[in-house]
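With compact mmCIF, C-alpha atoms inside, this is data-v4.txt:
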# COMPACT_ATOMS: atom_id res chain seq x y z
CA MET T 1 0.00 0.00 0.00
CA LYS T 2 1.28 3.40 -0.94
CA LYS T 3 0.61 6.42 1.18
CA ILE T 4 0.23 9.74 -0.61
CA ILE T 5 0.95 12.79 1.48
CA LEU T 6 -0.38 16.04 0.05
CA PRO T 7 1.64 19.11 0.94
CA ILE T 8 -0.49 21.69 2.72
CA THR T 9 0.74 25.25 2.61
CA LEU T 10 -0.50 26.29 5.99
CA SER T 11 1.69 28.11 8.42
CA ILE T 12 0.24 28.61 11.83
CA SER T 13 1.86 30.88 14.35
CA ALA T 14 0.91 30.66 17.99
CA LEU T 15 2.09 33.80 19.72
CA THR T 16 1.81 35.05 23.24
CA TYR T 17 -1.85 35.99 22.67
CA SER T 18 -2.67 32.81 20.72
CA GLN T 19 -2.73 34.61 17.39
CA ILE T 20 -3.22 32.44 14.32
CA GLY T 21 -1.72 33.28 10.96
CA ILE T 22 -2.56 31.49 7.72
CA ASN T 23 -0.05 31.97 4.93
CA ASN T 24 1.97 34.27 7.18
CA THR T 25 4.19 34.10 10.25
CA ASN T 26 3.46 37.65 11.35
CA PRO T 27 -0.27 37.79 12.20
CA GLN T 28 -1.64 41.24 13.00
CA ALA T 29 -4.78 40.05 14.81
CA ILE T 30 -6.16 37.05 16.70
CA PHE T 31 -6.88 35.46 13.29
CA HIS T 32 -5.12 36.63 10.13
CA VAL T 33 -5.23 35.21 6.61
CA ASP T 34 -2.72 36.55 4.08
CA GLY T 35 -4.41 35.60 0.79
CA GLY T 36 -1.52 36.74 -1.37
CA LYS T 37 1.27 35.34 0.83
CA ASP T 38 3.06 38.67 0.44
CA ASN T 39 3.24 40.01 3.99
CA PRO T 40 6.64 40.64 5.64
CA ASN T 41 7.90 38.39 8.43
CA THR T 42 8.19 41.39 10.75
CA GLY T 43 6.53 44.75 11.04
CA THR T 44 3.23 45.94 9.59
CA PRO T 45 2.15 44.99 6.06
CA SER T 46 1.88 47.87 3.60
CA ALA T 47 -1.50 49.10 2.40
CA ILE T 48 -0.97 47.23 -0.88
CA GLN T 49 -0.06 44.00 0.94
CA GLN T 50 -3.15 44.30 3.16
CA ARG T 51 -5.51 44.36 0.18
CA ASN T 52 -5.62 40.55 0.08
CA ASP T 53 -5.79 40.04 3.86
CA PHE T 54 -8.60 38.99 6.19
CA VAL T 55 -8.47 39.53 9.97
CA VAL T 56 -10.61 38.97 13.04
CA THR T 57 -9.61 40.96 16.12
CA SER T 58 -9.83 39.88 19.74
CA THR T 59 -12.98 42.02 20.09
CA GLY T 60 -14.70 40.36 17.14
CA ARG T 61 -14.15 43.13 14.60
CA VAL T 62 -13.60 41.90 11.04
CA GLY T 63 -11.30 43.53 8.51
CA ILE T 64 -11.21 42.73 4.79
CA GLY T 65 -8.37 44.37 2.91
CA ILE T 66 -7.24 46.00 6.12
CA THR T 67 -5.45 44.56 9.17
CA GLN T 68 -6.57 47.19 11.70
CA PRO T 69 -10.35 47.52 11.27
CA SER T 70 -11.90 50.66 12.71
CA THR T 71 -12.81 50.40 16.39
CA SER T 72 -16.21 51.92 15.56
CA SER T 73 -17.12 49.22 13.04
CA VAL T 74 -17.87 45.51 13.36
CA LEU T 75 -16.91 45.08 9.68
CA ASP T 76 -14.34 47.24 7.89
CA ILE T 77 -13.83 46.62 4.17
CA ASN T 78 -11.07 48.37 2.25
CA SER T 79 -10.56 48.30 -1.51
CA VAL T 80 -9.48 50.64 -4.28
CA ASP T 81 -11.17 48.80 -7.18
CA LYS T 82 -13.93 46.55 -5.77
CA GLY T 83 -17.36 47.05 -4.25
CA VAL T 84 -19.68 45.06 -2.01
CA LEU T 85 -22.50 42.94 -3.45
CA MET T 86 -25.51 42.50 -1.21
CA PRO T 87 -27.93 39.57 -1.73
CA ARG T 88 -30.00 40.13 -4.87
CA ILE T 89 -33.61 39.16 -4.17
CA ALA T 90 -36.74 39.18 -6.36
CA LEU T 91 -39.40 40.47 -3.94
CA THR T 92 -43.02 40.00 -4.93
CA SER T 93 -44.43 43.10 -3.20
CA SER T 94 -43.55 45.87 -0.78
CA THR T 95 -44.92 43.71 2.07
CA ASP T 96 -43.42 40.39 0.92
CA ILE T 97 -42.50 38.24 3.95
CA THR T 98 -42.51 34.95 2.06
CA THR T 99 -39.48 35.27 -0.21
CA ILE T 100 -37.47 36.08 2.92
CA THR T 101 -39.24 34.49 5.86
CA SER T 102 -39.70 36.71 8.92
CA PRO T 103 -37.30 39.50 7.83
CA ALA T 104 -35.57 41.22 10.72
CA ASN T 105 -36.03 44.97 11.18
CA GLY T 106 -33.26 46.73 9.29
CA LEU T 107 -32.59 43.78 6.95
CA MET T 108 -31.11 45.10 3.70
CA VAL T 109 -31.22 43.51 0.23
CA TYR T 110 -31.05 44.54 -3.40
CA ASN T 111 -34.42 44.00 -5.06
CA THR T 112 -33.99 42.98 -8.67
CA GLY T 113 -37.42 44.23 -9.77
CA THR T 114 -38.03 41.01 -11.71
CA ALA T 115 -40.89 39.67 -9.58
CA GLY T 116 -44.05 41.44 -8.39
CA LEU T 117 -42.23 44.44 -6.88
CA SER T 118 -41.09 46.45 -9.89
CA TYR T 119 -38.83 48.86 -7.97
CA ALA T 120 -35.19 47.88 -8.57
CA GLY T 121 -32.67 48.98 -5.96
CA TYR T 122 -31.58 48.64 -2.36
CA VAL T 123 -34.41 48.28 0.16
CA TYR T 124 -34.66 47.63 3.89
CA TRP T 125 -37.38 46.08 6.06
CA ASN T 126 -38.85 48.53 8.59
CA GLY T 127 -41.04 46.03 10.40
CA SER T 128 -44.08 46.39 8.16
CA GLU T 129 -42.84 47.02 4.61
CA TRP T 130 -39.80 47.22 2.37
CA LYS T 131 -38.68 50.83 1.86
CA SER T 132 -35.94 52.53 -0.14
CA PHE T 133 -32.92 54.01 1.63
CA ASP T 134 -34.41 57.52 1.44
CA ASP T 135 -37.40 56.15 3.40
CA LYS T 136 -39.73 56.37 0.40
CA SER T 137 -42.40 53.81 -0.39
CA VAL T 138 -41.46 51.22 -3.01
CA VAL T 139 -45.03 50.08 -3.65
CA ASN T 140 -45.78 49.69 -7.35
CA PRO T 141 -47.07 53.14 -8.43
CA THR T 142 -50.70 53.62 -9.47
CA ILE T 143 -52.98 56.58 -10.18
CA THR T 144 -56.71 56.88 -10.76
CA SER T 145 -56.60 59.35 -13.65
CA LEU T 146 -54.36 61.69 -15.64
CA THR T 147 -55.89 65.16 -16.07
CA CYS T 148 -54.61 66.62 -19.33
CA SER T 149 -57.24 69.38 -19.21
CA GLY T 150 -55.24 70.92 -16.35
CA ALA T 151 -51.85 70.56 -18.07
CA SER T 152 -49.60 73.62 -18.38
CA VAL T 153 -46.28 74.31 -20.07
CA PHE T 154 -43.62 76.87 -19.17
CA PRO T 155 -42.37 78.91 -20.96
CA SER T 156 -45.66 79.14 -22.83
CA VAL T 157 -44.42 80.74 -26.05
CA PHE T 158 -43.10 78.66 -28.97
CA ILE T 159 -41.37 80.06 -32.06
CA SER T 160 -41.00 77.84 -35.10
CA GLY T 161 -37.34 77.11 -35.86
CA THR T 162 -36.12 78.47 -32.49
CA ALA T 163 -34.69 76.11 -29.86
CA TYR T 164 -36.99 75.56 -26.89
CA SER T 165 -36.43 74.20 -23.38
CA GLY T 166 -39.18 74.01 -20.76
CA THR T 167 -41.44 71.91 -18.57
CA LEU T 168 -44.86 70.35 -19.10
CA THR T 169 -46.82 69.77 -15.87
CA VAL T 170 -49.79 67.38 -15.85
CA PRO T 171 -52.05 66.80 -12.80
CA TYR T 172 -53.21 63.35 -11.69
CA THR T 173 -55.64 61.98 -9.11
CA GLY T 174 -55.53 58.98 -6.80
CA GLY T 175 -51.78 58.53 -6.38
CA ASN T 176 -50.64 55.80 -3.98
CA GLY T 177 -47.23 57.19 -2.96
CA GLY T 178 -45.25 54.83 -5.22
CA ARG T 179 -42.03 55.69 -7.00
CA TYR T 180 -42.00 55.92 -10.79
CA ASN T 181 -39.17 55.98 -13.32
CA SER T 182 -38.70 57.83 -16.56
CA THR T 183 -40.12 56.29 -19.71
CA VAL T 184 -39.01 56.28 -23.34
CA PRO T 185 -39.00 59.92 -24.57
CA TYR T 186 -41.69 60.92 -27.05
CA THR T 187 -41.06 63.32 -29.95
CA GLN T 188 -43.66 65.31 -31.85
CA ASN T 189 -43.61 68.57 -33.83
CA GLY T 190 -39.88 68.86 -33.24
CA LEU T 191 -40.20 68.66 -29.43
CA THR T 192 -39.06 65.76 -27.24
CA PHE T 193 -41.01 65.05 -24.04
CA THR T 194 -39.09 63.17 -21.30
CA LEU T 195 -40.87 62.12 -18.11
CA ASN T 196 -38.99 63.19 -14.97
CA PRO T 197 -38.86 60.35 -12.38
CA GLY T 198 -40.26 60.90 -8.91
CA ASN T 199 -42.66 59.80 -6.17
CA LEU T 200 -46.43 60.02 -6.35
CA ASN T 201 -48.36 61.81 -3.64
CA ASN T 202 -50.88 59.89 -1.59
CA GLY T 203 -53.81 61.48 -3.36
CA ASN T 204 -53.63 64.23 -5.97
CA GLY T 205 -50.46 65.62 -7.47
CA SER T 206 -48.71 66.26 -10.76
CA ILE T 207 -45.98 64.82 -12.96
CA THR T 208 -43.55 66.82 -15.07
CA TYR T 209 -41.95 66.31 -18.46
CA SER T 210 -38.79 68.02 -19.63
CA VAL T 211 -39.48 69.49 -23.05
CA SER T 212 -36.68 70.32 -25.49
CA GLY T 213 -36.08 70.66 -29.20
CA THR T 214 -36.93 73.00 -32.05
CA PRO T 215 -40.69 73.33 -32.62
CA ASN T 216 -42.15 73.42 -36.13
CA PHE T 217 -45.03 75.64 -35.01
CA SER T 218 -45.41 79.04 -33.38
CA SER T 219 -47.73 80.40 -30.71
CA PRO T 220 -50.67 80.97 -30.65
CA ASN T 221 -51.06 77.78 -32.71
CA THR T 222 -51.57 74.73 -30.52
CA VAL T 223 -50.59 71.07 -30.76
CA SER T 224 -52.08 68.03 -29.01
CA ILE T 225 -49.60 65.76 -27.22
CA PRO T 226 -50.74 62.18 -26.43
CA LEU T 227 -49.53 61.13 -22.97
CA THR T 228 -49.60 57.76 -21.23
CA PHE T 229 -48.61 57.36 -17.58
CA LEU T 230 -49.11 54.27 -15.40
CA GLY T 231 -51.81 52.95 -17.72
CA GLN T 232 -53.72 56.24 -17.92
CA SER T 233 -53.84 58.19 -21.21
CA CYS T 234 -55.00 61.62 -22.34
CA ASN T 235 -54.07 64.42 -24.76
CA ALA T 236 -52.43 67.61 -23.48
CA THR T 237 -52.83 70.78 -25.52
CA ILE T 238 -49.92 73.21 -25.69
CA TRP T 239 -49.16 76.19 -26.03
CA GLN T 240 -52.15 77.30 -23.93
CA ASN T 241 -50.88 77.86 -20.39
CA SER T 242 -53.82 79.57 -18.81
CA SER T 243 -56.73 77.99 -17.05
CA VAL T 244 -59.33 79.63 -14.84
CA SER T 245 -60.11 77.90 -11.57
CA ASN T 246 -62.35 78.88 -8.73
CA LEU T 247 -60.30 80.01 -5.74
CA GLN T 248 -60.78 77.63 -2.84
CA TYR T 249 -60.86 79.02 0.69
CA VAL T 250 -62.11 78.26 4.17
CA ARG T 251 -62.76 80.53 7.18
CA ASN T 252 -63.04 79.54 10.83
CA VAL T 253 -63.90 81.85 13.77
CA THR T 254 -63.36 80.38 17.24
CA THR T 255 -64.74 82.21 20.26
CA PRO T 256 -64.05 82.37 23.13
CA ILE T 257 -60.38 81.40 23.27
CA ASP T 258 -60.05 78.67 25.89
CA SER T 259 -58.55 75.20 26.46
CA ASN T 260 -60.68 73.78 23.65
CA THR T 261 -59.37 76.21 21.06
CA PRO T 262 -56.56 73.91 19.74
CA THR T 263 -59.28 71.49 18.61
CA ASN T 264 -62.06 73.94 17.75
CA SER T 265 -59.82 76.19 15.65
CA ILE T 266 -58.50 73.47 13.32
CA THR T 267 -59.06 74.79 9.80
CA THR T 268 -58.45 72.40 6.88
CA ILE T 269 -58.39 72.78 3.13
CA GLY T 270 -56.59 70.58 0.61
CA ASN T 271 -53.59 68.95 2.29
CA LEU T 272 -53.09 71.65 4.95
CA SER T 273 -54.53 72.26 8.41
CA VAL T 274 -53.97 75.33 10.62
CA ARG T 275 -54.88 75.84 14.27
CA TYR T 276 -54.22 78.09 17.29
CA ASP T 277 -52.51 76.32 20.20
CA SER T 278 -53.93 78.66 22.83
CA PRO T 279 -52.18 77.23 25.95
CA ASN T 280 -48.78 77.96 24.37
CA GLY T 281 -49.70 80.95 22.24
CA ASN T 282 -48.59 79.37 18.96
CA LEU T 283 -50.08 79.20 15.51
CA GLN T 284 -49.43 75.74 14.08
CA TYR T 285 -49.76 74.04 10.70
CA ARG T 286 -49.92 70.39 9.64
CA VAL T 287 -49.51 68.66 6.27
CA ASN T 288 -52.04 65.84 6.14
CA ALA T 289 -51.32 62.28 4.95
CA MET T 290 -48.01 63.01 3.19
CA ASN T 291 -44.44 64.08 3.91
CA GLN T 292 -43.62 67.37 2.17
CA ARG T 293 -40.74 69.69 1.49
CA THR T 294 -42.12 73.16 2.18
CA SER T 295 -41.19 76.81 2.14
CA ILE T 296 -42.85 79.29 4.48
CA TRP T 297 -42.94 83.07 4.46
CA TYR T 298 -44.40 84.56 7.67
CA TRP T 299 -45.26 88.11 8.73
CA LYS T 300 -46.74 89.18 12.06
CA GLY T 301 -47.55 92.46 13.76
CA GLY T 302 -49.67 93.77 16.62
CA THR T 303 -50.35 96.57 19.09
CA GLY T 304 -47.35 95.46 21.12
CA GLY T 305 -45.20 97.20 18.52
CA ALA T 306 -43.26 94.07 17.54
CA PHE T 307 -43.16 93.25 13.84
CA PHE T 308 -41.69 89.99 12.66
CA SER T 309 -40.96 88.51 9.25
CA TYR T 310 -39.41 85.15 8.49
CA TYR T 311 -38.64 82.81 5.61
CA ALA T 312 -37.50 79.19 5.81
CA GLN T 313 -37.52 75.89 3.98
CA ASN T 314 -38.69 72.96 6.11
CA ASP T 315 -39.09 69.22 5.58
CA ILE T 316 -42.40 68.36 7.24
CA THR T 317 -43.42 64.90 8.45
CA ALA T 318 -47.01 63.96 7.64
CA ASN T 319 -49.70 64.56 10.29
CA SER T 320 -47.43 66.38 12.77
CA TRP T 321 -48.13 69.90 14.03
CA THR T 322 -45.36 72.45 13.42
CA ASN T 323 -45.17 75.85 15.12
CA PHE T 324 -45.12 79.01 13.08
CA PRO T 325 -41.81 80.82 13.65
CA ALA T 326 -43.05 83.30 16.30
CA ASN T 327 -45.61 83.31 19.07
CA PHE T 328 -49.05 84.78 18.29
CA ASN T 329 -50.20 87.08 21.11
CA VAL T 330 -53.95 87.76 21.15
CA PHE T 331 -53.44 90.33 23.94
CA ASN T 332 -51.52 92.41 21.37
CA ARG T 333 -54.35 91.92 18.83
CA ASP T 334 -51.77 90.24 16.62
CA SER T 335 -52.39 89.77 12.93
CA ALA T 336 -50.37 87.38 10.78
CA GLN T 337 -50.08 86.41 7.15
CA THR T 338 -48.12 83.53 5.74
CA THR T 339 -47.60 81.72 2.46
CA ILE T 340 -46.80 78.01 2.56
CA SER T 341 -45.69 76.13 -0.56
CA LEU T 342 -45.86 72.33 -0.74
CA PHE T 343 -43.27 71.39 -3.34
CA GLU T 344 -44.19 67.79 -4.01
CA SER T 345 -47.94 68.41 -4.39
CA LYS T 346 -47.35 71.75 -6.20
CA GLN T 347 -49.76 73.59 -3.91
CA VAL T 348 -49.55 77.12 -2.49
CA TYR T 349 -51.58 78.24 0.54
CA ARG T 350 -52.12 81.77 1.85
CA ILE T 351 -53.12 82.07 5.49
CA THR T 352 -54.46 85.14 7.32
CA VAL T 353 -55.01 85.09 11.09
CA VAL T 354 -56.34 87.77 13.46
CA GLY T 355 -56.93 87.41 17.17
CA ASN T 356 -57.95 89.34 20.25
CA ALA T 357 -58.34 88.75 23.96
CA ASP T 358 -61.47 89.86 25.87
CA MET T 359 -61.92 93.61 25.31
CA ALA T 360 -63.82 95.69 27.85
CA ALA T 361 -66.63 98.00 26.78
CA SER T 362 -65.49 101.56 26.11
CA GLY T 363 -67.81 104.37 25.12
CA VAL T 364 -69.70 103.39 21.98
CA PHE T 365 -67.70 100.16 21.74
CA PRO T 366 -69.32 97.13 23.42
CA PHE T 367 -67.58 94.30 25.25
CA LEU T 368 -65.83 91.97 22.81
CA THR T 369 -65.24 88.29 23.58
CA SER T 370 -61.86 86.78 22.80
CA SER T 371 -61.63 85.14 19.38
CA ILE T 372 -59.28 83.79 16.76
CA THR T 373 -60.13 83.97 13.04
CA ILE T 374 -58.25 81.75 10.59
CA PHE T 375 -58.72 82.27 6.84
CA VAL T 376 -56.92 79.84 4.49
CA GLU T 377 -56.84 80.09 0.69
CA LEU T 378 -55.68 77.33 -1.65
CA LEU T 379 -54.08 79.30 -4.46
CA SER T 380 -53.27 76.33 -6.71
CA PRO T 381 -56.08 73.78 -6.28
CA GLN T 382 -55.46 70.36 -7.82

C-alpha cells encoding of this file:
Amino acid sequence: MKKIILPITLSISALTYSQIGINNTNPQAIFHVDGGKDNPNTGTPSAIQQRNDFVVTSTGRVGIGITQPSTSSVLDINSVDKGVLMPRIALTSSTDITTITSPANGLMVYNTGTAGLSYAGYVYWNGSEWKSFDDKSVVNPTITSLTCSGASVFPSVFISGTAYSGTLTVPYTGGNGGRYNSTVPYTQNGLTFTLNPGNLNNGNGSITYSVSGTPNFSSPNTVSIPLTFLGQSCNATIWQNSSVSNLQYVRNVTTPIDSNTPTNSITTIGNLSVRYDSPNGNLQYRVNAMNQRTSIWYWKGGTGGAFFSYYAQNDITANSWTNFPANFNVFNRDSAQTTISLFESKQVYRITVVGNADMAASGVFPFLTSSITIFVELLSPQ
C-alpha cells in the first residue's frame, strides 16, 4: 500500500496571545489570513499588501483588505477597485415576507425588480414594509386618472425654428405614494417630451416632463400631445398655459379662546390644516397624509409694537403639528399672514389670522369676547 501525502501550505503561528496566521508568520490580529502570501515576516504589512488580507480581532471586529479595522465598526472593508455585493432578491411586493421568511427589522437587500415588486434597488425592512434608503415607499405606483385638461407648459411661447427648453406639468388623481421611473422619450412637432422620475403623492399631485427641441409651429397655434402614464392616457394641448379655476378658501372663527381652542380652531383645506394652540400661544400648521418639502414666508404684527418677518424651507413629516416661527399674542391683537408652498404636491396656501383677547366695553364700543379667526386660501387647487 502506498501512502500519498499532500503538501499543505499552511503556516500557523501561535504567539503570546494565541494569534493564528494562515499563509503568514506575522499575524496582526487574533486570526489573520494573508491571501496573497506577500506580507513581511516582521513589522506591519503595507496598504498594498493588506488588500488581500482577512483579519478577526480579539474584540470580534472583522477587517477585509485592512489589518486594523476601525474600532467603531464591526466590519471594515477596504478596496481601491472593488465594491460590495448584497444579496439580490426578487421580492413579490412591498410587504413580501414569504421570499425572505420573517425578515428582521433593518434587513437590507437589493431588489432585482423582476418579480411582483417592480422597484429595482436597495431596500430595507422597517417592520411592516420594504422601503428605499431615502425612506420612500417602493409600492408599485398607481394613479386613478391623468388630467390633461389641467396641463400647463412653461415657458408658454413657442417660435418655429427656435430652440426651446421648458417643462410640461400634468395633474393626476388617486396617487398611492409609489415611486416611478422615466419612460421612453416621445417626440412630436420637433419637441421631445421626457418624463422626470419621482414619487407620487398619496392622493392628488402632478408629474412633469422636460421638453426640449426645435418646434415646427409658433404660438398661438396649438398642438395636441398624447400622454400615457401608469396605464392612464390623455391628450395635453400646448401652447395654452392659462386655465381659470375657482379660488378655494375656508374661514373659521373660534370664540371664546379657551382650552378647547386647539381642537375647535383646526381649519383644513386641501392637504393643509392650521390651528391656534392657545395654551402655548402658537399658531401651528400640519400637512395631512403626506411628507412634504415646504417653504414658508411669515409676517406678524400687533399693538405690542413688535413686527416679525421670516422665511424658511422645512421638511415636514405627515400629520405632525409644526409651530409658526413666532408666538401669536392675542393680547396684542396680533395679525399674521403667511404663504406656505408644498413642493411635491405643487400647492400654495395663503393664510391670514387675526386674534384678540377679551376687550372691555369703552364708550360706543361694546364688550368683545376673545376670538381667533383663521382664513386659508388654496391658491393652486389640484

Q: Could you please determine the separation between atom CA of Asn23 of chain T and atom CA of Gln50 of chain T in Å, to one decimal place?
A: 12.8 Å

(Q) Excluding Gly35 of chain T and its own-chain neighbours fewer than 6 positions away, which residues fall within 8 Å of it when counting only C-alpha atoms? Please give them as a PyMOL selection string. (A) chain T and resi 23+52-54

Q: Between atom CA of Phe343 of chain T and atom CA of Val223 of chain T, measure the distance and give it in Å to one decimal.
A: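 Taking atom CA of Phe343 of chain T and atom CA of Val223 of chain T, their separation equals 28.4 Å.
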
Q. How many Å lie between atom CA of Asn189 of chain T and atom CA of Gly213 of chain T, rounded to one decimal?
A.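 Rounded to one decimal, the two atoms are 9.1 Å apart.
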
Q | Residues near Ser70 of chain T, cut-off 12 Å, only C-alpha atoms, skip fewer than 4 positions along chain, as a ChimeraX atom specification | A | /T:55-57,59-64,66,74-78

Q | T:Pro226, T:Gln248, T:Pro325, T:Thr254 ranked by distance to Ala357 of chain T, top pick (using all atoms listed in the file) | A | T:Thr254

Q) For Ala120 of chain T, which of T:Ser93, T:Thr294, T:Ser371, T:Asn105 is the closest residue, counting all atoms listed in the file? A)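 For Ala120 of chain T, the nearest of the candidates is T:Ser93.
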
Q.
Quick one: residues within 9 Å of segment 154-169 of chain T, all atoms listed in the file, excluding same-chain residues fewer than 6 positions away - as a ChimeraX atom specification?
A. /T:191,193,206-221,238-241

Taking C-alpha atoms for each residue, export the selection above as an mmCIF file, keeping the file's coordinate frame.
data_model
loop_
_atom_site.group_PDB
_atom_site.id
_atom_site.type_symbol
_atom_site.label_atom_id
_atom_site.label_comp_id
_atom_site.auth_asym_id
_atom_site.auth_seq_id
_atom_site.Cartn_x
_atom_site.Cartn_y
_atom_site.Cartn_z
ATOM 1 C CA LEU T 191 -40.200 68.660 -29.430
ATOM 2 C CA PHE T 193 -41.010 65.050 -24.040
ATOM 3 C CA SER T 206 -48.710 66.260 -10.760
ATOM 4 C CA ILE T 207 -45.980 64.820 -12.960
ATOM 5 C CA THR T 208 -43.550 66.820 -15.070
ATOM 6 C CA TYR T 209 -41.950 66.310 -18.460
ATOM 7 C CA SER T 210 -38.790 68.020 -19.630
ATOM 8 C CA VAL T 211 -39.480 69.490 -23.050
ATOM 9 C CA SER T 212 -36.680 70.320 -25.490
ATOM 10 C CA GLY T 213 -36.080 70.660 -29.200
ATOM 11 C CA THR T 214 -36.930 73.000 -32.050
ATOM 12 C CA PRO T 215 -40.690 73.330 -32.620
ATOM 13 C CA ASN T 216 -42.150 73.420 -36.130
ATOM 14 C CA PHE T 217 -45.030 75.640 -35.010
ATOM 15 C CA SER T 218 -45.410 79.040 -33.380
ATOM 16 C CA SER T 219 -47.730 80.400 -30.710
ATOM 17 C CA PRO T 220 -50.670 80.970 -30.650
ATOM 18 C CA ASN T 221 -51.060 77.780 -32.710
ATOM 19 C CA ILE T 238 -49.920 73.210 -25.690
ATOM 20 C CA TRP T 239 -49.160 76.190 -26.030
ATOM 21 C CA GLN T 240 -52.150 77.300 -23.930
ATOM 22 C CA ASN T 241 -50.880 77.860 -20.390
#

Q: For the point (-45.1, 56.2, -5.6) in the file's frame, write as an MDAnalysis selection string all residues with an atom no more than 6 Å away, counting all atoms listed in the file.
A: chainID T and resid 141 176:179 199:200

Q. Residues at most 7 Å from Thr261 of chain T, counting only C-alpha atoms, excluding those fewer than 4 positions away in the same chain, as a list in words?
A.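 With the cut-off at 7 Å, the set is Thr254, Ile257, Ser265, Tyr276, Asp277 and Ser278 of chain T.
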
Take the residues from that selection and write them out as a short mmCIF file (atom, residue, chain, number, x, y, z; two decimals), keeping the file's coordinate frame, keeping C-alpha atoms.
data_model
loop_
_atom_site.label_atom_id
_atom_site.label_comp_id
_atom_site.auth_asym_id
_atom_site.auth_seq_id
_atom_site.Cartn_x
_atom_site.Cartn_y
_atom_site.Cartn_z
CA THR T 254 -63.36 80.38 17.24
CA ILE T 257 -60.38 81.40 23.27
CA SER T 265 -59.82 76.19 15.65
CA TYR T 276 -54.22 78.09 17.29
CA ASP T 277 -52.51 76.32 20.20
CA SER T 278 -53.93 78.66 22.83
#

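Nearest to Val253 of chain T of all the residues T:Gln28, T:Thr98, T:Gln188, T:Thr352 is T:Thr352, based on only C-alpha atoms.
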
Q) With distances taken over only C-alpha atoms, which of T:Asn329, T:Gln232, T:Thr339, T:Ser94 is nearest to Val354 of chain T? A)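 So, comparing all the options, the nearest one is T:Asn329.
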
Q: Show which residues sit within 10 Å of Val287 of chain T, as a PyMOL selection string. Count all atoms listed in the file, and ignore same-chain residues fewer than 6 positions away.
A: chain T and resi 268+270-274+294+316-322+342

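You can rank T:Arg350, T:Glu377, T:Ala326, T:Val138 by their closest distance to Val250 of chain T using only C-alpha atoms, and at the top of that list sits T:Glu377.
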
Q: Have a look at T:Thr237, T:Asn332, T:Ser341, T:Gln68 and name the one nearest to Ala312 of chain T; count all atoms listed in the file.
A: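 So, comparing all the options, the nearest one is T:Ser341.
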